[in-house]
2 protein chains.
Amino acid sequence: MSSENPTLTEKLATAIADAILDGTFEPGMHLDEVSLAQQHGVSRTPVREALRQLTTSGLIDMRPRRGAVVAKATQEQVESLFVAMAEMEATCARLCALSMTPVERRRLQARHEAMTKLASGGDPDSYSDANVAFHSAIYSGAHNAALAEFALGLRRRVGPFRRAQFRMEGRLTRSNQEHDAVVRAILAGDAAGAHAAMLHHVSLVEDAFEAFSYRTAGVLPAS
Amino acid sequence: MSSENPTLTEKLATAIADAILDGTFEPGMHLDEVSLAQQHGVSRTPVREALRQLTTSGLIDMRPRRGAVVAKATQEQVESLFVAMAEMEATCARLCALSMTPVERRRLQARHEAMTKLASGGDPDSYSDANVAFHSAIYSGAHNAALAEFALGLRRRVGPFRRAQFRMEGRLTRSNQEHDAVVRAILAGDAAGAHAAMLHHVSLVEDAFEAFSYRTAGVLPAS
DNA sequence: GAGGGCCAAACTGTATGCAATCTGATCGGA
DNA sequence: TCCGATCAGATTGCATACAGTTTGGCCCTC
């Protein structure tokens with residue numbers, strides 16, 4: 001798991017995960033061990049171990065003697081992932097309101113104010129990067145490794161379906177306004193308010209996704 | 001993952017996980033591949049794959065070229081697991097209030113009423129079994145596979161520290177009273193109430209654990 | 001006596017080989 | 001023409017072998 005001096009297995013695990021998340025390996029695709037091995041110039045052994053490791057994350061499904069396939073998710077499953085993420089982020093926001101240190105609160109506020117400028121600037125890419133950092137700050141501010149890890153995993157899994165969201169007209173400034181409500185509640189120590197505000201914020205993302213996905217497909221990564 | 005026709009790797013994974021959860025493999029213990037292999041009469045390959053699979057669940061830690069050790073958790077980390085579980089259960093209860101079907105609601109009520117009888121009967125073991133089923137019903141009633149799976153994983157990881165809880169005097173009937181508040185809120189569709197009631201309920205379990213753990217140790221399973 | 005470097009045993013990481021199972025394609029029968 | 005059985009190729013599961021790294025101890029030096 002440590003990134004320093006990674007073994008082949010770990011490099012393969014991240015490579016395969018990336019390929020799935022960026023769409024190179026499409027959902028339902030069969031992951032052949034020998035092909036993957038040749039493709040990366042290694043033997044089957046580290047490939048097998050990498051696949052074994054990825055099963056637990058829900059990115060691929062393995063059935064005994066039938067190999068691994070990229071997890072296929074129905075529209076319903078993807079929606080449930082979005083709901084889960086909304087709930088997790090809301091929970092983290094709630095805990096932030098209760099247990100963020102003064103330093104963390106000041107940093108959160110500073111980060112939010114910087115994003116307000118970015119929003120009015122209108123650069124979707126910079127805002128998107130800052131947005132990821134903002135939500136990560138919420139995860140870590142909850143001071144709970146288990147919750148943070150799960151929330152991060154969910155965010156990664158729904159990531160591919162969120163890419164275009166900030167291109168939608170007005171989404172950028174509206175996102176910032178929603179952040180404002182979240183930050184204010186957290187700084188005020190208002191647990192219930194932070195929960196509600198974050199739930200509202202992330203649920204709107206989900207709505208944006210649904211409006212978007214009706215045009216595209218119904219089959220997507222994640223278990 | 002399928003339990004039918006399990007491969008050696010899967011059998012080993014569950015065997016090792018069980019050994020960790022029931023304390024046979026103590027936290028911090030180094031899991032030697034050849035020893036495990038000989039112990040189960042297999043080669044190192046399936047052992048390695050099983051260990052690889054268990055890393056993601058947080059039950060063991062692997063460092064490159066240094067092998068696997070049973071995850072050691074500080075008191076702080078265990079407490080954070082309890083907090084995470086409380087939050088997850090509360091979230092599930094919230095979703096139950098919003099999205100349980102009429103049939104599920106009736107079954108939940110029936111289950112709760114049966115437990116009330118068990119509580120007055122005073123049999124801790126039967127009540128404990130029913131309690132697990134009760135909470136599982138909450139997980140599934142949330143209608144969200146990702147949340148349910150995570151909650152179940154957390155419950156398993158904190159399981160070893162909860163065993164004795166129902167032996168504590170009065171805990172059994174108090175637990176049932178807390179369940180009553182949860183069930184009532186869910187049946188009434190009171191999302192915030194269900195959340196608060198469940199959070200209160202599971203947090204009390206945490207308190208019971210802390211009172212208990214002061215007498216025992218500070219090092220326990222889970223990452 | 002303490003500290004540091006060197007060496008060997010142990011262990012992990014990876015490759016390869018073999019056996020067992022699955023897949024799907026062909027052939028025979030109804 | 002359709003359905004089921006059989007067989008070969010492909011693929012997975014597991015064992016074994018070898019190379020590189022880590023670890024612990026011993027010896028030498030200060």
# chains A, B, ... in the order shown; residues from 1 in each chain; ligands from 1
>>> interface_residues(of="chain B", to="chain C", cutoff="12 Å", atoms="only C-alpha atoms (C1' of nucleotides)", output="ChimeraX atom specification")
/B:5,7,30-35,44-45,48,62-68
>>> interface_residues(of="chain D", to="chain B", cutoff="8 Å", atoms="only C-alpha atoms (C1' of nucleotides)", output="PyMOL selection string")
chain D and resi 13-15+21-22
>>> closest_atom_pairs(of="chain A", to="chain B", cutoff="7 Å", atoms="only C-alpha atoms", output="JSON lines")
{"residue": "A:Met1", "atom": "CA", "partner": "B:Arg63", "partner_atom": "CA", "distance": 6.4}
{"residue": "A:Ser2", "atom": "CA", "partner": "B:Arg63", "partner_atom": "CA", "distance": 6.5}
{"residue": "A:Pro6", "atom": "CA", "partner": "B:Pro64", "partner_atom": "CA", "distance": 6.7}
{"residue": "A:Thr7", "atom": "CA", "partner": "B:Pro64", "partner_atom": "CA", "distance": 6.5}
{"residue": "A:Glu49", "atom": "CA", "partner": "B:Glu49", "partner_atom": "CA", "distance": 5.5}
{"residue": "A:Arg52", "atom": "CA", "partner": "B:Gln53", "partner_atom": "CA", "distance": 5.6}
{"residue": "A:Gln53", "atom": "CA", "partner": "B:Gln53", "partner_atom": "CA", "distance": 4.7}
{"residue": "A:Thr56", "atom": "CA", "partner": "B:Thr56", "partner_atom": "CA", "distance": 6.2}
{"residue": "A:Met62", "atom": "CA", "partner": "B:Met1", "partner_atom": "CA", "distance": 6.8}
{"residue": "A:Arg63", "atom": "CA", "partner": "B:Met1", "partner_atom": "CA", "distance": 6.5}
{"residue": "A:Pro64", "atom": "CA", "partner": "B:Thr7", "partner_atom": "CA", "distance": 6.5}
{"residue": "A:Ser80", "atom": "CA", "partner": "B:Asn144", "partner_atom": "CA", "distance": 5.5}
{"residue": "A:Leu81", "atom": "CA", "partner": "B:Ala146", "partner_atom": "CA", "distance": 6.4}
{"residue": "A:Ala84", "atom": "CA", "partner": "B:Leu147", "partner_atom": "CA", "distance": 5.9}
{"residue": "A:Glu87", "atom": "CA", "partner": "B:Thr91", "partner_atom": "CA", "distance": 7.0}
{"residue": "A:Thr91", "atom": "CA", "partner": "B:Glu87", "partner_atom": "CA", "distance": 7.0}
{"residue": "A:Asn144", "atom": "CA", "partner": "B:Ser80", "partner_atom": "CA", "distance": 5.5}
{"residue": "A:Ala146", "atom": "CA", "partner": "B:Leu81", "partner_atom": "CA", "distance": 6.5}
{"residue": "A:Leu147", "atom": "CA", "partner": "B:Ala84", "partner_atom": "CA", "distance": 5.9}
>>> write_last_selection(atoms="C-alpha atoms", output="PDB file, in the first residue's frame")
ATOM      1  CA  MET A   1       0.000   0.000   0.000  1.00  0.00           C
ATOM      2  CA  SER A   2       2.896   2.340   0.546  1.00  0.00           C
ATOM      3  CA  PRO A   6       5.972  -0.196  -5.083  1.00  0.00           C
ATOM      4  CA  THR A   7       5.852  -3.835  -6.112  1.00  0.00           C
ATOM      5  CA  GLU A  49      -2.792 -10.571  -6.994  1.00  0.00           C
ATOM      6  CA  ARG A  52      -7.647 -10.093  -6.139  1.00  0.00           C
ATOM      7  CA  GLN A  53      -6.945  -6.818  -4.381  1.00  0.00           C
ATOM      8  CA  THR A  56     -12.772  -5.828  -2.476  1.00  0.00           C
ATOM      9  CA  MET A  62     -14.460 -12.209  -9.644  1.00  0.00           C
ATOM     10  CA  ARG A  63     -16.179 -15.547  -9.847  1.00  0.00           C
ATOM     11  CA  PRO A  64     -14.326 -18.775  -9.098  1.00  0.00           C
ATOM     12  CA  SER A  80     -27.405   4.374  -4.967  1.00  0.00           C
ATOM     13  CA  LEU A  81     -23.716   5.283  -5.106  1.00  0.00           C
ATOM     14  CA  ALA A  84     -24.350   6.965  -0.447  1.00  0.00           C
ATOM     15  CA  GLU A  87     -24.994  10.800   2.924  1.00  0.00           C
ATOM     16  CA  THR A  91     -22.103  12.956   7.792  1.00  0.00           C
ATOM     17  CA  ASN A 144     -12.404   9.735  11.310  1.00  0.00           C
ATOM     18  CA  ALA A 146     -12.737   4.947   8.347  1.00  0.00           C
ATOM     19  CA  LEU A 147     -15.371   7.418   7.198  1.00  0.00           C
TER      20      LEU A 147
END
>>> decode(residues="region 45-57 of chain B", atoms="N, CA and C atoms", output="CSV table (one decimal), in the first residue's frame")
chain,number,residue,atom,x,y,z
B,45,THR,N,1.1,-19.6,-2.8
B,45,THR,CA,0.3,-18.8,-3.8
B,45,THR,C,-1.1,-18.4,-3.3
B,46,PRO,N,-1.9,-19.4,-3.0
B,46,PRO,CA,-3.3,-19.0,-2.5
B,46,PRO,C,-3.2,-18.2,-1.2
B,47,VAL,N,-2.2,-18.5,-0.4
B,47,VAL,CA,-2.1,-17.7,0.9
B,47,VAL,C,-1.8,-16.2,0.5
B,48,ARG,N,-0.9,-16.0,-0.4
B,48,ARG,CA,-0.6,-14.6,-0.8
B,48,ARG,C,-1.8,-13.9,-1.4
B,49,GLU,N,-2.6,-14.6,-2.2
B,49,GLU,CA,-3.8,-14.0,-2.8
B,49,GLU,C,-4.8,-13.7,-1.7
B,50,ALA,N,-4.9,-14.6,-0.7
B,50,ALA,CA,-5.9,-14.3,0.4
B,50,ALA,C,-5.5,-13.1,1.2
B,51,LEU,N,-4.2,-13.0,1.5
B,51,LEU,CA,-3.7,-11.9,2.2
B,51,LEU,C,-3.9,-10.6,1.5
B,52,ARG,N,-3.6,-10.6,0.2
B,52,ARG,CA,-3.8,-9.5,-0.7
B,52,ARG,C,-5.3,-9.0,-0.6
B,53,GLN,N,-6.2,-10.0,-0.6
B,53,GLN,CA,-7.6,-9.6,-0.6
B,53,GLN,C,-8.0,-9.0,0.7
B,54,LEU,N,-7.4,-9.5,1.8
B,54,LEU,CA,-7.7,-9.0,3.1
B,54,LEU,C,-7.2,-7.6,3.4
B,55,THR,N,-6.2,-7.2,2.7
B,55,THR,CA,-5.6,-5.8,3.0
B,55,THR,C,-6.6,-4.8,2.8
B,56,THR,N,-7.5,-4.9,1.8
B,56,THR,CA,-8.4,-3.8,1.5
B,56,THR,C,-9.5,-3.7,2.6
B,57,SER,N,-9.7,-4.8,3.3
B,57,SER,CA,-10.8,-4.7,4.3
B,57,SER,C,-10.2,-4.1,5.6
